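Working notes for the structure below.
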Amino acid sequence: MPAPLFPAMTAPPPHPRPIRIHSLTEADIACAAAADLGVPLLLVSAPGAAASAGAGWFREVVARAAARHPSVAMTAVLDCADRPGDALGALSAGVAMLLFSGRADVAERLADIAAQRGAHLLTALPDALDLRRVRDPRRACRDWLSGQDDGHVTE
């Protein structure tokens, strides 16, 4: 069987339980839970955050959370929704992993551009725990990352 044409585009990161964040506080909470449990962490921005918050904001949030929690093996994904211009802007800003939900032919071109820059473009992720409106985000993160709870998931 031949290898997939764009394996970096469709293969989700090796963390089966991503957490969607909307702030540095939420990133810190998720990192602290991952550190306590000794598990890797997949942080995903809010849906469409490349347009609303921007790639620079996301890059800084991730950098600060990583600096505060150096023991956590973290992967961070910026959600660009279906906006190819936002994906290109994020690549130019140095974001290494993007989520793009637009047309397949556009995703193929973006995946090629991302690969040339040493970045990855994903078109899907596993369900994520969304920390927006969660009453106790610390507990939700611990339970989610340990597999004890299905949490408040988003696709």
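Following the order of the structure tokens, first chain is A, next is B, and so on, with residues numbered from 1 inside each chain and ligands from 1 in the order they appear.
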
Every residue of chain A that DSSP places in alpha helix (DSSP H), as an MDAnalysis selection string: chainID A and resid 7:10 24:37 49:52 55:68 84:92 104:116 137:145

Which polymer residues have any atom within 10 Å of an atom of Leu24 (chain A), counting only C-alpha atoms, with same-chain residues fewer than 6 positions away left out, as a PyMOL selection string? chain A and resi 30+57-58+60-65

Restricted to C-alpha atoms, what would the selected residues look like written as an mmCIF file, in the first residue's frame?
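The result, stored in result-v4.cif:
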```
data_model
loop_
_atom_site.group_PDB
_atom_site.id
_atom_site.type_symbol
_atom_site.label_atom_id
_atom_site.label_comp_id
_atom_site.auth_asym_id
_atom_site.auth_seq_id
_atom_site.Cartn_x
_atom_site.Cartn_y
_atom_site.Cartn_z
ATOM 1 C CA ALA A 30 -3.851 22.544 31.159
ATOM 2 C CA TRP A 57 -1.025 36.062 20.387
ATOM 3 C CA PHE A 58 -1.177 32.270 20.157
ATOM 4 C CA GLU A 60 3.160 34.064 22.850
ATOM 5 C CA VAL A 61 0.585 32.214 24.950
ATOM 6 C CA VAL A 62 2.194 28.898 24.044
ATOM 7 C CA ALA A 63 5.724 30.229 24.673
ATOM 8 C CA ARG A 64 4.780 31.565 28.107
ATOM 9 C CA ALA A 65 2.958 28.388 29.115
#
```

Using only C-alpha atoms for the distances, tell me which of A:Ala73, A:Ala111, A:Ala32, A:Ala128 is nearest to Val44 (chain A).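 Nearest candidate to Val44 (chain A) out of A:Ala73, A:Ala111, A:Ala32, A:Ala128: A:Ala128.
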
Which residues come within 12 Å of Arg139 (chain A), counting only C-alpha atoms, excluding same-chain residues fewer than 4 positions away, as a VMD selection string? chain A and resid 29 to 30 32 to 34 36 129 131 134 to 135 143 to 146 148 to 149 151

Taking the backbone alone, and naming residues the way the document does, which bits of chain A are strand (DSSP E or B) by DSSP, as a list in words? Ile19, Arg20, Ile21, Leu41, Leu42, Leu43, Val44, Ser45, Met74, Thr75, Ala76, Val77, Leu78, Asp79, Met97, Leu98, Leu99, His120, Leu121, Leu122, Ala128, Leu129, Asp130, Val153 and Thr154 of chain A

Please write the residues from the selection above to a file, keeping N, CA and C atoms, as a PDB file, in the first residue's frame.
```
ATOM      1  N   ILE A  19      -6.835  19.717  24.342  1.00  0.00           N
ATOM      2  CA  ILE A  19      -7.551  20.700  25.159  1.00  0.00           C
ATOM      3  C   ILE A  19      -7.574  22.022  24.403  1.00  0.00           C
ATOM      4  N   ARG A  20      -8.783  22.573  24.219  1.00  0.00           N
ATOM      5  CA  ARG A  20      -8.946  23.880  23.574  1.00  0.00           C
ATOM      6  C   ARG A  20      -8.838  24.966  24.626  1.00  0.00           C
ATOM      7  N   ILE A  21      -7.979  25.952  24.322  1.00  0.00           N
ATOM      8  CA  ILE A  21      -7.751  27.057  25.253  1.00  0.00           C
ATOM      9  C   ILE A  21      -8.184  28.382  24.634  1.00  0.00           C
ATOM     10  N   LEU A  41       0.890  16.916  26.229  1.00  0.00           N
ATOM     11  CA  LEU A  41      -0.268  17.792  26.109  1.00  0.00           C
ATOM     12  C   LEU A  41      -0.399  18.323  24.694  1.00  0.00           C
ATOM     13  N   LEU A  42      -1.623  18.288  24.194  1.00  0.00           N
ATOM     14  CA  LEU A  42      -1.949  18.905  22.914  1.00  0.00           C
ATOM     15  C   LEU A  42      -2.888  20.072  23.197  1.00  0.00           C
ATOM     16  N   LEU A  43      -2.361  21.287  23.058  1.00  0.00           N
ATOM     17  CA  LEU A  43      -3.166  22.498  23.210  1.00  0.00           C
ATOM     18  C   LEU A  43      -3.662  22.912  21.840  1.00  0.00           C
ATOM     19  N   VAL A  44      -4.939  23.260  21.768  1.00  0.00           N
ATOM     20  CA  VAL A  44      -5.537  23.733  20.528  1.00  0.00           C
ATOM     21  C   VAL A  44      -6.190  25.070  20.832  1.00  0.00           C
ATOM     22  N   SER A  45      -5.980  26.034  19.958  1.00  0.00           N
ATOM     23  CA  SER A  45      -6.595  27.338  20.154  1.00  0.00           C
ATOM     24  C   SER A  45      -8.111  27.245  20.028  1.00  0.00           C
ATOM     25  N   MET A  74       4.703  19.453  25.095  1.00  0.00           N
ATOM     26  CA  MET A  74       3.518  20.113  24.567  1.00  0.00           C
ATOM     27  C   MET A  74       3.589  20.270  23.054  1.00  0.00           C
ATOM     28  N   THR A  75       2.446  20.041  22.435  1.00  0.00           N
ATOM     29  CA  THR A  75       2.244  20.357  21.031  1.00  0.00           C
ATOM     30  C   THR A  75       1.115  21.370  20.994  1.00  0.00           C
ATOM     31  N   ALA A  76       1.259  22.410  20.187  1.00  0.00           N
ATOM     32  CA  ALA A  76       0.241  23.459  20.121  1.00  0.00           C
ATOM     33  C   ALA A  76      -0.241  23.628  18.682  1.00  0.00           C
ATOM     34  N   VAL A  77      -1.555  23.706  18.520  1.00  0.00           N
ATOM     35  CA  VAL A  77      -2.180  23.804  17.206  1.00  0.00           C
ATOM     36  C   VAL A  77      -3.037  25.063  17.151  1.00  0.00           C
ATOM     37  N   LEU A  78      -2.776  25.903  16.156  1.00  0.00           N
ATOM     38  CA  LEU A  78      -3.582  27.100  15.935  1.00  0.00           C
ATOM     39  C   LEU A  78      -4.688  26.785  14.948  1.00  0.00           C
ATOM     40  N   ASP A  79      -5.921  27.007  15.354  1.00  0.00           N
ATOM     41  CA  ASP A  79      -7.086  26.757  14.508  1.00  0.00           C
ATOM     42  C   ASP A  79      -7.281  27.937  13.555  1.00  0.00           C
ATOM     43  N   MET A  97       2.253  24.325  13.863  1.00  0.00           N
ATOM     44  CA  MET A  97       1.199  23.355  13.591  1.00  0.00           C
ATOM     45  C   MET A  97      -0.134  24.084  13.490  1.00  0.00           C
ATOM     46  N   LEU A  98      -0.826  23.849  12.378  1.00  0.00           N
ATOM     47  CA  LEU A  98      -2.078  24.539  12.086  1.00  0.00           C
ATOM     48  C   LEU A  98      -3.190  23.538  11.850  1.00  0.00           C
ATOM     49  N   LEU A  99      -4.407  23.960  12.160  1.00  0.00           N
ATOM     50  CA  LEU A  99      -5.605  23.202  11.825  1.00  0.00           C
ATOM     51  C   LEU A  99      -6.376  24.008  10.790  1.00  0.00           C
ATOM     52  N   HIS A 120       3.446  21.852  10.054  1.00  0.00           N
ATOM     53  CA  HIS A 120       2.463  20.817   9.733  1.00  0.00           C
ATOM     54  C   HIS A 120       1.082  21.431   9.643  1.00  0.00           C
ATOM     55  N   LEU A 121       0.307  20.944   8.710  1.00  0.00           N
ATOM     56  CA  LEU A 121      -1.081  21.360   8.550  1.00  0.00           C
ATOM     57  C   LEU A 121      -1.963  20.145   8.786  1.00  0.00           C
ATOM     58  N   LEU A 122      -2.887  20.266   9.721  1.00  0.00           N
ATOM     59  CA  LEU A 122      -3.837  19.196  10.024  1.00  0.00           C
ATOM     60  C   LEU A 122      -5.203  19.603   9.501  1.00  0.00           C
ATOM     61  N   ALA A 128     -11.981  17.478  21.471  1.00  0.00           N
ATOM     62  CA  ALA A 128     -11.182  18.217  22.446  1.00  0.00           C
ATOM     63  C   ALA A 128     -12.027  18.654  23.626  1.00  0.00           C
ATOM     64  N   LEU A 129     -11.402  18.748  24.774  1.00  0.00           N
ATOM     65  CA  LEU A 129     -12.022  19.379  25.931  1.00  0.00           C
ATOM     66  C   LEU A 129     -11.917  20.884  25.713  1.00  0.00           C
ATOM     67  N   ASP A 130     -13.042  21.573  25.704  1.00  0.00           N
ATOM     68  CA  ASP A 130     -13.061  23.022  25.530  1.00  0.00           C
ATOM     69  C   ASP A 130     -13.217  23.659  26.905  1.00  0.00           C
ATOM     70  N   VAL A 153     -16.750  18.395  25.106  1.00  0.00           N
ATOM     71  CA  VAL A 153     -15.920  18.243  23.918  1.00  0.00           C
ATOM     72  C   VAL A 153     -16.407  19.084  22.765  1.00  0.00           C
ATOM     73  N   THR A 154     -15.464  19.425  21.913  1.00  0.00           N
ATOM     74  CA  THR A 154     -15.770  20.080  20.647  1.00  0.00           C
ATOM     75  C   THR A 154     -15.056  19.319  19.555  1.00  0.00           C
TER      76      THR A 154
END
```

Give me the residues within 9 Å of region 116-118 of chain A as a list in words, counting only C-alpha atoms and dropping any in the same chain fewer than 5 places off. Leu91, Ser92, Gly94, Ala96 and Ala111 of chain A

Long-range neighbours of Ser101 (chain A) as a CSV table (one decimal) with C-alpha atoms, in the first residue's frame, 12 Å cut-off, only C-alpha atoms, 2 positions minimum in chain:
```csv
chain,number,residue,atom,x,y,z
A,9,MET,CA,-2.0,16.9,6.8
A,10,THR,CA,-4.3,14.1,8.0
A,47,PRO,CA,-12.0,27.8,16.9
A,48,GLY,CA,-10.9,30.3,14.3
A,78,LEU,CA,-3.6,27.1,15.9
A,79,ASP,CA,-7.1,26.8,14.5
A,80,CYS,CA,-7.3,28.7,11.2
A,81,ALA,CA,-10.9,27.5,10.4
A,82,ASP,CA,-11.4,27.6,6.7
A,83,ARG,CA,-9.3,30.8,6.1
A,84,PRO,CA,-6.2,30.1,4.0
A,86,ASP,CA,-4.9,33.2,8.2
A,87,ALA,CA,-3.0,29.9,7.7
A,98,LEU,CA,-2.1,24.5,12.1
A,99,LEU,CA,-5.6,23.2,11.8
A,103,ARG,CA,-11.5,22.9,0.9
A,104,ALA,CA,-9.3,19.8,0.3
A,105,ASP,CA,-7.5,21.3,-2.7
A,106,VAL,CA,-6.6,24.4,-0.7
A,107,ALA,CA,-5.5,22.2,2.2
A,108,GLU,CA,-3.2,20.3,-0.1
A,110,LEU,CA,-1.2,24.8,2.3
A,121,LEU,CA,-1.1,21.4,8.5
A,122,LEU,CA,-3.8,19.2,10.0
A,123,THR,CA,-7.4,18.9,8.7
A,124,ALA,CA,-8.8,17.1,11.7
A,125,LEU,CA,-8.2,16.4,15.3
A,155,GLU,CA,-14.9,18.8,17.2
```
